[in-house]
Amino acid sequence: PIILAIESSCDDTGAAVMAGGKILANVVASQQVHELYGGVVPELASRAHQQHILPVVQAALQKAGVQKEDLDAIAFTQGPGLLGSLLVGGMFAKSFALALGKPLLAVNHMRAHILAHFIEEPRPEFPFLCLTVSGGHTQLVVVRSALHMEIVGQTQDDAAGEAFDKTAKLLGLPYPGGPRLDKLAQQGNPLRFPFPVNQMPGYDFSFSGVKTAVMYFLRQQTQQNPQFIEENLPDLCASIQHTILQTLMRQLRRAAADFNLTNIAIAGGVAANSGLRAELQRLAEDHDWRVFIPAFQYCTDNAGMIAMAAHFQYLAGDFASQLASPDPRLKLA
Ligand code: ATP
Ligand code: FE
């Protein structure tokens, strides 16, 4: 099938065209307005989606060389995400489908982050374990098939991406801090400042502890030396990143062992983190895992992954009606 997919769950407006499971075009318009406020402002996000959606869809169709009449279905992100943002993409997709007389596909954003692994080779084999680490979620998921997934662990408070962004903010880095912290960490010593690694039972995560520990540590140090952060920035970044990664890897290792899974994948925006990628490769050698890391463009929010999930739903006959409404808290399973 030829599918047009639209993604608008947070602050990126995306449109992709997929034919027979292959990406023909994947266009994203990012929003800069939020940088001023140090975080995504929902009202501004939905207004920017309204401005971007038509040009982004047109660009995707043109780049793919596909006429809208040739589409077999229109897919959109139903949730989870910001209600106002989801509404823009959802309403656009529904109107477009109605006008063209094409079927609709409603996609779960977190499933799509995982199914991004099927866009390009090498593809994981079912069942596999996926650690989804994004701006709003941290989940350990046993993926039995493209349609059957089970969350076995998740964060009890902040998401991993949030932990990166919030600690980066404490260091005075501009939003979004995650990628900037990653870059600085590459020149720092990860063992210089030991912060406590969370030891949750089961496979759940918690990141509020590291955030608080960093906040008190910086407050104490800057009282003695106001230049402390500037003088130690790479080491601080490396130490914080190390702590967050240790928390993630501890639960990933335990779940892989207990569920006896050796195909291990990571997904979501934090999967772009260079330390996480390196750590995963290292663990793969120790444990004889096959690890899967999506291409950078398919880690952060994009419509290509929505198209991939929609492709599987199309094959399964899982269509949505015009009554399908956005669900900011849509559950994975
Ligand atoms: P969700 O999918 O849960 O709704 P989201 O879509 O907003 O959240 P993503 O776009 O998947 O999240 O990821 C964005 C997050 O990834 C941000 O928190 C950002 O700081 C983080 N991130 C991106 N690149 C890196 C990196 N190299 N190192 C650490 N964090 C990163
Ligand atoms: Fe996302």
# chains A, B, ... in the order shown; residues from 1 in each chain; ligands from 1
>>> residues_near_ligand(ligand="ligand 2", cutoff="8 Å", atoms="only C-alpha atoms and all ligand atoms", output="PDB file with N, CA and C atoms, in the first residue's frame")
ATOM      1  N   SER A   9       2.591  14.931  17.442  1.00  0.00           N
ATOM      2  CA  SER A   9       2.277  14.688  18.859  1.00  0.00           C
ATOM      3  C   SER A   9       2.867  15.736  19.785  1.00  0.00           C
ATOM      4  N   CYS A  10       3.996  16.322  19.385  1.00  0.00           N
ATOM      5  CA  CYS A  10       4.639  17.273  20.286  1.00  0.00           C
ATOM      6  C   CYS A  10       4.984  18.555  19.548  1.00  0.00           C
ATOM      7  N   HIS A 109       1.869   6.501  18.997  1.00  0.00           N
ATOM      8  CA  HIS A 109       3.204   7.088  18.843  1.00  0.00           C
ATOM      9  C   HIS A 109       4.321   6.231  19.467  1.00  0.00           C
ATOM     10  N   MET A 110       4.050   5.606  20.613  1.00  0.00           N
ATOM     11  CA  MET A 110       5.097   4.830  21.284  1.00  0.00           C
ATOM     12  C   MET A 110       5.363   3.499  20.567  1.00  0.00           C
ATOM     13  N   HIS A 113       7.554   4.496  17.648  1.00  0.00           N
ATOM     14  CA  HIS A 113       8.974   4.646  17.996  1.00  0.00           C
ATOM     15  C   HIS A 113       9.673   3.274  17.907  1.00  0.00           C
ATOM     16  N   SER A 134      12.538   8.396  25.504  1.00  0.00           N
ATOM     17  CA  SER A 134      12.206   9.610  24.756  1.00  0.00           C
ATOM     18  C   SER A 134      12.005  10.769  25.721  1.00  0.00           C
ATOM     19  N   GLY A 135      11.448  11.863  25.190  1.00  0.00           N
ATOM     20  CA  GLY A 135      11.256  13.044  26.018  1.00  0.00           C
ATOM     21  C   GLY A 135      10.159  12.862  27.056  1.00  0.00           C
ATOM     22  N   GLY A 136       9.196  12.005  26.760  1.00  0.00           N
ATOM     23  CA  GLY A 136       8.067  11.837  27.672  1.00  0.00           C
ATOM     24  C   GLY A 136       7.940  10.442  28.254  1.00  0.00           C
ATOM     25  N   GLY A 268      13.475   5.912  20.392  1.00  0.00           N
ATOM     26  CA  GLY A 268      13.164   7.213  20.983  1.00  0.00           C
ATOM     27  C   GLY A 268      14.335   8.172  20.875  1.00  0.00           C
ATOM     28  N   GLY A 269      14.077   9.427  21.174  1.00  0.00           N
ATOM     29  CA  GLY A 269      15.075  10.483  20.982  1.00  0.00           C
ATOM     30  C   GLY A 269      16.382  10.266  21.715  1.00  0.00           C
ATOM     31  N   THR A 300      14.327  10.426  16.807  1.00  0.00           N
ATOM     32  CA  THR A 300      13.480  11.526  17.283  1.00  0.00           C
ATOM     33  C   THR A 300      12.170  11.513  16.482  1.00  0.00           C
ATOM     34  N   ASP A 301      11.232  12.354  16.896  1.00  0.00           N
ATOM     35  CA  ASP A 301       9.905  12.305  16.284  1.00  0.00           C
ATOM     36  C   ASP A 301       9.965  12.514  14.774  1.00  0.00           C
ATOM     37  N   ASN A 302       9.285  11.633  14.053  1.00  0.00           N
ATOM     38  CA  ASN A 302       9.268  11.706  12.588  1.00  0.00           C
ATOM     39  C   ASN A 302       8.042  10.958  12.098  1.00  0.00           C
TER      40      ASN A 302
END
>>> select_by_dssp(residues="segment 65-277 of chain A", states="strand (DSSP E)", output="count of residues only")
35
>>> residues_near_ligand(ligand="ligand 1", cutoff="8 Å", atoms="only C-alpha atoms and all ligand atoms", output="short mmCIF file (atom, residue, chain, number, x, y, z; two decimals) with N, CA and C atoms, in the first residue's frame")
data_model
loop_
_atom_site.label_atom_id
_atom_site.label_comp_id
_atom_site.auth_asym_id
_atom_site.auth_seq_id
_atom_site.Cartn_x
_atom_site.Cartn_y
_atom_site.Cartn_z
N SER A 9 2.59 14.93 17.44
CA SER A 9 2.28 14.69 18.86
C SER A 9 2.87 15.74 19.79
N CYS A 10 4.00 16.32 19.39
CA CYS A 10 4.64 17.27 20.29
C CYS A 10 4.98 18.56 19.55
N ASP A 11 6.26 18.79 19.27
CA ASP A 11 6.63 20.06 18.65
C ASP A 11 7.23 19.92 17.26
N PRO A 80 0.24 8.80 22.42
CA PRO A 80 0.11 9.89 23.37
C PRO A 80 0.81 11.15 22.90
N GLY A 81 0.48 12.29 23.51
CA GLY A 81 1.10 13.55 23.14
C GLY A 81 0.29 14.71 23.68
N HIS A 109 1.87 6.50 19.00
CA HIS A 109 3.20 7.09 18.84
C HIS A 109 4.32 6.23 19.47
N MET A 110 4.05 5.61 20.61
CA MET A 110 5.10 4.83 21.28
C MET A 110 5.36 3.50 20.57
N HIS A 113 7.55 4.50 17.65
CA HIS A 113 8.97 4.65 18.00
C HIS A 113 9.67 3.27 17.91
N VAL A 133 13.37 5.24 25.02
CA VAL A 133 13.80 6.36 25.86
C VAL A 133 13.57 7.66 25.09
N SER A 134 12.54 8.40 25.50
CA SER A 134 12.21 9.61 24.76
C SER A 134 12.00 10.77 25.72
N GLY A 135 11.45 11.86 25.19
CA GLY A 135 11.26 13.04 26.02
C GLY A 135 10.16 12.86 27.06
N GLY A 136 9.20 12.00 26.76
CA GLY A 136 8.07 11.84 27.67
C GLY A 136 7.94 10.44 28.25
N HIS A 137 8.71 9.49 27.76
CA HIS A 137 8.55 8.10 28.19
C HIS A 137 9.88 7.38 28.39
N THR A 138 9.86 6.40 29.30
CA THR A 138 10.96 5.45 29.44
C THR A 138 10.30 4.11 29.69
N ALA A 159 10.95 11.01 32.63
CA ALA A 159 11.46 10.19 31.53
C ALA A 159 12.97 10.43 31.41
N ALA A 160 13.67 9.50 30.73
CA ALA A 160 15.12 9.64 30.57
C ALA A 160 15.47 10.95 29.86
N GLY A 161 14.71 11.29 28.81
CA GLY A 161 14.97 12.53 28.07
C GLY A 161 14.78 13.75 28.96
N GLU A 162 13.75 13.66 29.82
CA GLU A 162 13.49 14.74 30.78
C GLU A 162 14.64 14.86 31.76
N ALA A 163 15.19 13.72 32.19
CA ALA A 163 16.31 13.75 33.12
C ALA A 163 17.50 14.45 32.47
N PHE A 164 17.74 14.16 31.20
CA PHE A 164 18.81 14.85 30.47
C PHE A 164 18.51 16.34 30.37
N ASP A 165 17.28 16.68 29.96
CA ASP A 165 16.94 18.09 29.74
C ASP A 165 16.95 18.89 31.03
N TYR A 175 17.68 24.84 26.05
CA TYR A 175 16.75 23.76 25.71
C TYR A 175 16.79 23.45 24.22
N PRO A 176 16.67 22.20 23.79
CA PRO A 176 16.67 20.99 24.62
C PRO A 176 18.09 20.58 24.98
N GLY A 177 18.33 20.36 26.26
CA GLY A 177 19.69 20.17 26.75
C GLY A 177 20.31 18.82 26.44
N GLY A 178 19.47 17.78 26.20
CA GLY A 178 20.00 16.42 26.02
C GLY A 178 21.15 16.33 25.02
N PRO A 179 20.93 16.76 23.77
CA PRO A 179 22.00 16.64 22.77
C PRO A 179 23.25 17.47 23.12
N ARG A 180 23.04 18.61 23.78
CA ARG A 180 24.18 19.46 24.15
C ARG A 180 24.99 18.81 25.27
N LEU A 181 24.26 18.22 26.22
CA LEU A 181 24.94 17.54 27.32
C LEU A 181 25.75 16.36 26.78
N ASP A 182 25.18 15.65 25.84
CA ASP A 182 25.86 14.51 25.18
C ASP A 182 27.19 14.97 24.57
N LYS A 183 27.14 16.07 23.84
CA LYS A 183 28.32 16.56 23.15
C LYS A 183 29.44 16.94 24.13
N ALA A 267 15.02 2.72 21.27
CA ALA A 267 14.20 3.60 20.42
C ALA A 267 13.95 4.91 21.14
N GLY A 268 13.47 5.91 20.39
CA GLY A 268 13.16 7.21 20.98
C GLY A 268 14.33 8.17 20.88
N GLY A 269 14.08 9.43 21.17
CA GLY A 269 15.07 10.48 20.98
C GLY A 269 16.38 10.27 21.71
N VAL A 270 16.33 9.70 22.92
CA VAL A 270 17.55 9.50 23.69
C VAL A 270 18.42 8.38 23.08
N ALA A 271 17.84 7.58 22.18
CA ALA A 271 18.63 6.57 21.48
C ALA A 271 19.68 7.23 20.58
N ALA A 272 19.56 8.55 20.40
CA ALA A 272 20.57 9.29 19.64
C ALA A 272 21.81 9.56 20.49
N ASN A 273 21.72 9.31 21.80
CA ASN A 273 22.83 9.61 22.71
C ASN A 273 24.06 8.75 22.41
N SER A 274 25.20 9.39 22.23
CA SER A 274 26.40 8.65 21.81
C SER A 274 26.88 7.71 22.91
N GLY A 275 26.74 8.13 24.16
CA GLY A 275 27.15 7.27 25.28
C GLY A 275 26.29 6.03 25.37
N CYS A 299 15.02 8.15 15.18
CA CYS A 299 14.98 8.10 16.64
C CYS A 299 14.07 9.18 17.20
N THR A 300 14.33 10.43 16.81
CA THR A 300 13.48 11.53 17.28
C THR A 300 12.17 11.51 16.48
N ASP A 301 11.23 12.35 16.90
CA ASP A 301 9.90 12.30 16.28
C ASP A 301 9.97 12.51 14.77
#
>>> residues_around(residues="Phe128 of chain A", least_positions_apart="4", cutoff="7 Å", atoms="only C-alpha atoms", output="list of chain:residue names")
A:Pro124, A:Val142, A:Val143, A:Arg144, A:Leu261, A:Asn263, A:Ile264
>>> write_last_selection(atoms="C-alpha atoms", output="PDB file, in the first residue's frame")
ATOM      1  CA  PRO A 124      15.242  -7.244  14.844  1.00  0.00           C
ATOM      2  CA  VAL A 142       8.734  -7.056  25.131  1.00  0.00           C
ATOM      3  CA  VAL A 143       7.834  -6.902  21.445  1.00  0.00           C
ATOM      4  CA  ARG A 144       6.231 -10.195  20.358  1.00  0.00           C
ATOM      5  CA  LEU A 261      15.856 -12.231  25.103  1.00  0.00           C
ATOM      6  CA  ASN A 263      17.602  -9.296  20.358  1.00  0.00           C
ATOM      7  CA  ILE A 264      17.875  -5.927  22.096  1.00  0.00           C
TER       8      ILE A 264
END
>>> atom_distance(atom1="atom CA of Ser95 of chain A", atom2="atom CA of Val33 of chain A")
27.4 Å
>>> closest_atom_pairs(of="segment 121-214 of chain A", to="segment 241-244 of chain A", cutoff="7 Å", atoms="only C-alpha atoms", output="CSV")
residue,atom,partner,partner_atom,distance
A:Pro190,CA,A:His242,CA,5.7
A:Phe195,CA,A:Thr243,CA,6.4
A:Val197,CA,A:Thr243,CA,5.7
>>> residues_around(residues="Asp158 of chain A", least_positions_apart="5", cutoff="7 Å", atoms="only C-alpha atoms", output="PDB file with C-alpha atoms, in the first residue's frame")
ATOM      1  CA  ALA A 163      16.313  13.747  33.125  1.00  0.00           C
ATOM      2  CA  SER A 206      13.214   6.567  38.508  1.00  0.00           C
ATOM      3  CA  PHE A 207      15.141   9.698  37.569  1.00  0.00           C
ATOM      4  CA  SER A 208      13.953  12.255  40.096  1.00  0.00           C
TER       5      SER A 208
END
>>> residues_around(residues="Phe96 of chain A", least_positions_apart="3", cutoff="12 Å", atoms="only C-alpha atoms", output="ChimeraX atom specification")
/A:4-6,53-54,57,68-69,71,73-76,89-93,99-104,322
>>> write_last_selection(atoms="C-alpha atoms", output="tab-separated table (two decimals), in the first residue's frame")
chain	number	residue	atom	x	y	z
A	4	LEU	CA	0.64	9.14	3.78
A	5	ALA	CA	1.47	9.46	7.49
A	6	ILE	CA	1.24	12.55	9.65
A	53	ILE	CA	1.11	21.00	8.22
A	54	LEU	CA	0.01	21.88	4.70
A	57	VAL	CA	2.38	17.32	3.52
A	68	LYS	CA	-2.84	12.29	-3.54
A	69	GLU	CA	-5.31	10.21	-5.59
A	71	LEU	CA	-2.72	7.04	-1.81
A	73	ALA	CA	-4.63	5.27	3.23
A	74	ILE	CA	-3.95	8.26	5.47
A	75	ALA	CA	-2.35	7.66	8.87
A	76	PHE	CA	-2.05	9.97	11.85
A	89	GLY	CA	-2.60	16.37	12.72
A	90	GLY	CA	-5.68	14.27	13.45
A	91	MET	CA	-8.15	16.78	12.02
A	92	PHE	CA	-5.99	17.28	8.96
A	93	ALA	CA	-5.70	13.54	8.33
A	99	ALA	CA	-12.20	14.44	0.92
A	100	LEU	CA	-10.27	11.75	-0.97
A	101	GLY	CA	-12.49	8.85	0.12
A	102	LYS	CA	-9.51	6.95	1.55
A	103	PRO	CA	-9.31	4.78	4.69
A	104	LEU	CA	-7.81	6.12	7.91
A	322	GLN	CA	-13.91	9.28	11.26
